[in-house]
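Q: I have a structure I would like to understand better, so I am pasting it below and will then ask my questions one at a time.
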Amino acid sequence: MKKIAIFASGSGTNFQRITEYFKENADIKVDILIVNKKDAYAIERAKKLGIEYIYYNREDFYNSDKVLNKLKERKIDFIVLAGFLWLMPENILKQYPNKIINIHPALLPNYGGKGMYGHNVHHAVVENKEKETGITIHYVNQHYDEGEIIFQAKCEVLPQDDVDMVAAKIHLLEQEHFPIIIEKVIKGE
């Protein structure tokens with residue numbers, strides 16, 4: 001049994017989708033949710049799904065081994081960032097080489113980097129009159145959105161699309177592809 005820790009900062013829609021996807025899976029399960037915001041709605045989703053959750057502040061995350069020790073204690077095999085807005089600290093990166101993946105709401109390398117998340121990305125895509133956008137699932141390294149790309153899926157951006165319409169298209173791609181790609185990566189496919 002491979003155990004996943006999901007890190008989230010926000011509403012947790014991807015966390016919920018991933019957890020539900022693996023619910024009946026005998027080989028892979030979501031074991032814990034780690035959040036960096038006390039009011040992240042992902043916590044409410046975790047309660048409803050019966051998944052343990054833990055909040056860590058910046059001090060715990062960057063200046064201690066508390067998070068790493070919790071991952072080891074729970075025998076976590078794989079980490080998934082699902083709307084988690086902090087860089088991974090070196091101690092976790094070293095312990096989990098090529099075992100941490102993230103999803104980005106654009107076709108990297110475009111629209112990546114610090115501050116480029118959620119509606120900031122979609123706004124930039126619309127503002128620049130892009131004809132397509134999409135999602136990128138990638139390994140995590142010590143830089144925002146620069147890890148090796150695992151998978152990308154595209155969608156068209158129509159001239160009449162606003163930021164919310166682009167966000168809705170991206171959300172559909174995330175929900176469709178992220179759990180499947182996580183499973184393939186964990187299984188080494």
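Here's how to read the names in the structure tokens: chain A, B, ... by the order shown, residue numbers from 1 in each chain, ligand numbers from 1 in the order shown.
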Could you pull the residues within 6 Å of stretch 30-32 of chain A, counting only C-alpha atoms, minus those fewer than 4 positions along the same chain, as a PDB file with N, CA and C atoms, in the first residue's frame?
A:
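Now in around06.pdb:
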```pdb
ATOM      1  N   LYS A   3       1.175   5.245   0.361  1.00  0.00           N
ATOM      2  CA  LYS A   3       0.435   6.269   1.086  1.00  0.00           C
ATOM      3  C   LYS A   3       0.824   7.658   0.596  1.00  0.00           C
ATOM      4  N   ILE A   4      -0.210   8.470   0.334  1.00  0.00           N
ATOM      5  CA  ILE A   4      -0.036   9.829  -0.174  1.00  0.00           C
ATOM      6  C   ILE A   4      -0.343  10.834   0.930  1.00  0.00           C
ATOM      7  N   ALA A   5       0.493  11.859   1.018  1.00  0.00           N
ATOM      8  CA  ALA A   5       0.174  13.059   1.803  1.00  0.00           C
ATOM      9  C   ALA A   5      -0.142  14.153   0.790  1.00  0.00           C
ATOM     10  N   THR A  19      -8.743  12.141  -3.273  1.00  0.00           N
ATOM     11  CA  THR A  19      -9.130  11.244  -2.185  1.00  0.00           C
ATOM     12  C   THR A  19     -10.248  10.311  -2.631  1.00  0.00           C
ATOM     13  N   ILE A  51     -10.447  11.995   6.586  1.00  0.00           N
ATOM     14  CA  ILE A  51      -8.994  12.033   6.413  1.00  0.00           C
ATOM     15  C   ILE A  51      -8.398  12.928   7.497  1.00  0.00           C
ATOM     16  N   GLU A  52      -7.375  12.433   8.171  1.00  0.00           N
ATOM     17  CA  GLU A  52      -6.705  13.243   9.189  1.00  0.00           C
ATOM     18  C   GLU A  52      -6.046  14.444   8.508  1.00  0.00           C
ATOM     19  N   TYR A  53      -6.032  15.564   9.214  1.00  0.00           N
ATOM     20  CA  TYR A  53      -5.385  16.761   8.683  1.00  0.00           C
ATOM     21  C   TYR A  53      -4.544  17.397   9.777  1.00  0.00           C
TER      22      TYR A  53
END
```
Q: Name the residues in contact with stretch 139-148 of chain A at a cut-off of 8 Å, using only C-alpha atoms, excluding same-chain residues fewer than 5 positions from it; report them as a VMD selection string.
A: chain A and resid 87 to 90 93 98 to 102 104 108 to 109 112 to 114
Q: When DSSP works through the backbone of this structure, what residues of stretch 37-92 of chain A end up as alpha helix (DSSP H), shown as a PyMOL selection string?
A: chain A and resi 42-49+58-62+66-73+90-92
Q: Could those selected residues go to a file with C-alpha atoms, as a compact mmCIF listing (two decimals), in the first residue's frame?
A:
```txt
# COMPACT_ATOMS: atom_id res chain seq x y z
CA ALA A 42 -9.72 21.75 2.49
CA ILE A 43 -9.96 21.02 6.24
CA GLU A 44 -13.76 20.82 6.01
CA ARG A 45 -13.43 18.44 3.08
CA ALA A 46 -10.97 16.29 5.05
CA LYS A 47 -13.42 16.05 7.97
CA LYS A 48 -16.22 14.92 5.63
CA LEU A 49 -13.94 12.39 3.95
CA ARG A 58 5.77 28.79 8.40
CA GLU A 59 8.15 28.30 11.33
CA ASP A 60 7.27 24.60 11.63
CA PHE A 61 7.52 24.14 7.90
CA TYR A 62 10.82 25.85 7.17
CA LYS A 66 8.14 18.63 12.30
CA VAL A 67 6.58 18.12 8.88
CA LEU A 68 9.25 15.65 7.74
CA ASN A 69 8.95 13.70 10.99
CA LYS A 70 5.16 13.47 10.58
CA LEU A 71 5.60 12.17 7.02
CA LYS A 72 8.07 9.54 8.24
CA GLU A 73 5.88 8.59 11.20
CA GLU A 90 15.19 21.19 1.40
CA ASN A 91 14.74 18.54 4.11
CA ILE A 92 11.54 17.23 2.48
```
Q: Per residue of stretch 69-130 of chain A within 8 Å of stretch 155-179 of chain A, what are the shortest atom pair and its distance in Å to one decimal, counting only C-alpha atoms, with rows by chain and residue number, as a tab-separated table?
A:
```
residue	atom	partner	partner_atom	distance
A:Ile103	CA	A:Phe178	CA	7.5
A:Pro105	CA	A:Ile170	CA	6.3
A:Gly118	CA	A:Ala167	CA	7.8
A:His119	CA	A:Val163	CA	7.0
A:His122	CA	A:Val163	CA	5.5
A:His123	CA	A:Val163	CA	5.5
A:Val126	CA	A:Val163	CA	6.4
A:Lys129	CA	A:Pro159	CA	7.4
A:Glu130	CA	A:Val157	CA	6.6
```
Q: Using DSSP on the backbone coordinates, identify the residues of chain A assigned to strand (DSSP E or B); present them as a tab-separated table (two decimals) with N, CA and C atoms, in the first residue's frame.
A:
```
chain	number	residue	atom	x	y	z
A	2	LYS	N	0.72	2.07	-1.03
A	2	LYS	CA	1.43	3.35	-1.11
A	2	LYS	C	0.55	4.43	-0.48
A	3	LYS	N	1.18	5.24	0.36
A	3	LYS	CA	0.44	6.27	1.09
A	3	LYS	C	0.82	7.66	0.60
A	4	ILE	N	-0.21	8.47	0.33
A	4	ILE	CA	-0.04	9.83	-0.17
A	4	ILE	C	-0.34	10.83	0.93
A	5	ALA	N	0.49	11.86	1.02
A	5	ALA	CA	0.17	13.06	1.80
A	5	ALA	C	-0.14	14.15	0.79
A	6	ILE	N	-1.28	14.80	0.98
A	6	ILE	CA	-1.64	15.92	0.11
A	6	ILE	C	-1.45	17.21	0.89
A	7	PHE	N	-0.76	18.17	0.27
A	7	PHE	CA	-0.53	19.49	0.84
A	7	PHE	C	-1.45	20.47	0.11
A	8	ALA	N	-2.22	21.27	0.87
A	8	ALA	CA	-3.14	22.23	0.26
A	8	ALA	C	-3.14	23.53	1.05
A	28	ILE	N	-3.17	2.18	-3.35
A	28	ILE	CA	-2.81	3.59	-3.10
A	28	ILE	C	-3.92	4.23	-2.27
A	29	LYS	N	-3.51	5.01	-1.26
A	29	LYS	CA	-4.53	5.73	-0.49
A	29	LYS	C	-4.01	7.09	-0.05
A	30	VAL	N	-4.94	8.03	0.08
A	30	VAL	CA	-4.61	9.33	0.66
A	30	VAL	C	-4.65	9.14	2.17
A	31	ASP	N	-3.52	9.40	2.81
A	31	ASP	CA	-3.38	9.14	4.25
A	31	ASP	C	-3.58	10.37	5.11
A	32	ILE	N	-3.15	11.54	4.62
A	32	ILE	CA	-3.20	12.75	5.45
A	32	ILE	C	-3.22	13.99	4.56
A	33	LEU	N	-3.86	15.03	5.09
A	33	LEU	CA	-3.87	16.34	4.47
A	33	LEU	C	-3.02	17.27	5.34
A	34	ILE	N	-2.12	17.99	4.72
A	34	ILE	CA	-1.31	18.97	5.43
A	34	ILE	C	-1.65	20.34	4.86
A	35	VAL	N	-2.01	21.26	5.75
A	35	VAL	CA	-2.39	22.61	5.33
A	35	VAL	C	-1.50	23.65	5.99
A	52	GLU	N	-7.38	12.43	8.17
A	52	GLU	CA	-6.71	13.24	9.19
A	52	GLU	C	-6.05	14.44	8.51
A	53	TYR	N	-6.03	15.56	9.21
A	53	TYR	CA	-5.38	16.76	8.68
A	53	TYR	C	-4.54	17.40	9.78
A	54	ILE	N	-3.51	18.11	9.37
A	54	ILE	CA	-2.65	18.82	10.30
A	54	ILE	C	-2.30	20.17	9.69
A	55	TYR	N	-2.32	21.19	10.54
A	55	TYR	CA	-1.91	22.53	10.15
A	55	TYR	C	-0.48	22.76	10.64
A	78	PHE	N	4.58	9.23	-0.93
A	78	PHE	CA	4.44	10.16	-2.05
A	78	PHE	C	3.73	11.42	-1.57
A	79	ILE	N	4.14	12.57	-2.09
A	79	ILE	CA	3.52	13.85	-1.72
A	79	ILE	C	2.92	14.48	-2.96
A	80	VAL	N	1.69	14.98	-2.81
A	80	VAL	CA	1.00	15.68	-3.89
A	80	VAL	C	0.67	17.09	-3.40
A	81	LEU	N	1.09	18.09	-4.17
A	81	LEU	CA	0.73	19.47	-3.89
A	81	LEU	C	-0.52	19.80	-4.70
A	100	ILE	N	7.47	13.97	-5.22
A	100	ILE	CA	6.60	15.11	-4.92
A	100	ILE	C	6.16	15.69	-6.26
A	101	ILE	N	4.84	15.76	-6.46
A	101	ILE	CA	4.36	16.35	-7.71
A	101	ILE	C	3.37	17.47	-7.42
A	102	ASN	N	3.26	18.36	-8.38
A	102	ASN	CA	2.40	19.53	-8.27
A	102	ASN	C	1.61	19.65	-9.57
A	103	ILE	N	0.49	20.36	-9.46
A	103	ILE	CA	-0.27	20.70	-10.66
A	103	ILE	C	-0.27	22.22	-10.79
A	104	HIS	N	-0.07	22.69	-12.01
A	104	HIS	CA	-0.04	24.13	-12.28
A	104	HIS	C	-1.11	24.44	-13.33
A	132	GLU	N	-4.64	29.17	-26.38
A	132	GLU	CA	-4.82	27.94	-25.61
A	132	GLU	C	-4.12	28.08	-24.26
A	133	THR	N	-4.59	27.27	-23.34
A	133	THR	CA	-3.97	27.17	-22.03
A	133	THR	C	-4.13	25.72	-21.60
A	134	GLY	N	-3.89	25.44	-20.34
A	134	GLY	CA	-4.04	24.06	-19.90
A	134	GLY	C	-3.47	23.85	-18.53
A	135	ILE	N	-3.13	22.60	-18.26
A	135	ILE	CA	-2.53	22.24	-16.98
A	135	ILE	C	-1.19	21.58	-17.21
A	136	THR	N	-0.34	21.70	-16.21
A	136	THR	CA	0.95	21.01	-16.22
A	136	THR	C	1.09	20.29	-14.89
A	137	ILE	N	1.36	19.00	-14.96
A	137	ILE	CA	1.68	18.23	-13.76
A	137	ILE	C	3.18	17.98	-13.83
A	138	HIS	N	3.87	18.33	-12.73
A	138	HIS	CA	5.33	18.28	-12.78
A	138	HIS	C	5.91	17.86	-11.43
A	139	TYR	N	7.15	17.37	-11.48
A	139	TYR	CA	7.87	17.09	-10.24
A	139	TYR	C	8.23	18.41	-9.58
A	149	ILE	N	8.58	18.25	-16.23
A	149	ILE	CA	7.18	18.11	-16.62
A	149	ILE	C	6.86	16.63	-16.83
A	150	ILE	N	5.75	16.19	-16.23
A	150	ILE	CA	5.28	14.82	-16.35
A	150	ILE	C	4.18	14.73	-17.41
A	151	PHE	N	3.28	15.72	-17.40
A	151	PHE	CA	2.07	15.64	-18.24
A	151	PHE	C	1.51	17.04	-18.46
A	152	GLN	N	0.96	17.27	-19.65
A	152	GLN	CA	0.22	18.50	-19.92
A	152	GLN	C	-1.05	18.15	-20.68
A	153	ALA	N	-2.10	18.92	-20.41
A	153	ALA	CA	-3.36	18.82	-21.16
A	153	ALA	C	-3.76	20.24	-21.53
A	154	LYS	N	-4.29	20.39	-22.74
A	154	LYS	CA	-4.60	21.72	-23.26
A	154	LYS	C	-6.10	21.93	-23.44
A	155	CYS	N	-6.48	23.20	-23.44
A	155	CYS	CA	-7.84	23.58	-23.82
A	155	CYS	C	-7.77	24.91	-24.57
A	156	GLU	N	-8.78	25.14	-25.38
A	156	GLU	CA	-8.84	26.35	-26.19
A	156	GLU	C	-9.29	27.52	-25.33
```
Q: Distance atom CA of A:Ser11-atom CA of A:Lys23, one decimal place?
A: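 Computing it gives 19.7 Å between the two atoms.
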Q: What does the distance from atom CA of A:Asp65 to atom CA of A:Gln16 come to in Å, to one decimal?
A: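 It comes out at 26.8 Å.
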Q: Restricting the calculation to only C-alpha atoms: of A:Ser9, A:Asn120, A:Asn128, A:Gln95, which residue gets closest to A:Tyr41?
A: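 Of A:Ser9, A:Asn120, A:Asn128, A:Gln95, the one nearest A:Tyr41 is A:Ser9, counting only C-alpha atoms.
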Q: Any idea what the distance is between atom CA of A:Gly83 and atom CA of A:Ala40?
A: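 These two atoms are separated by 10.6 Å.
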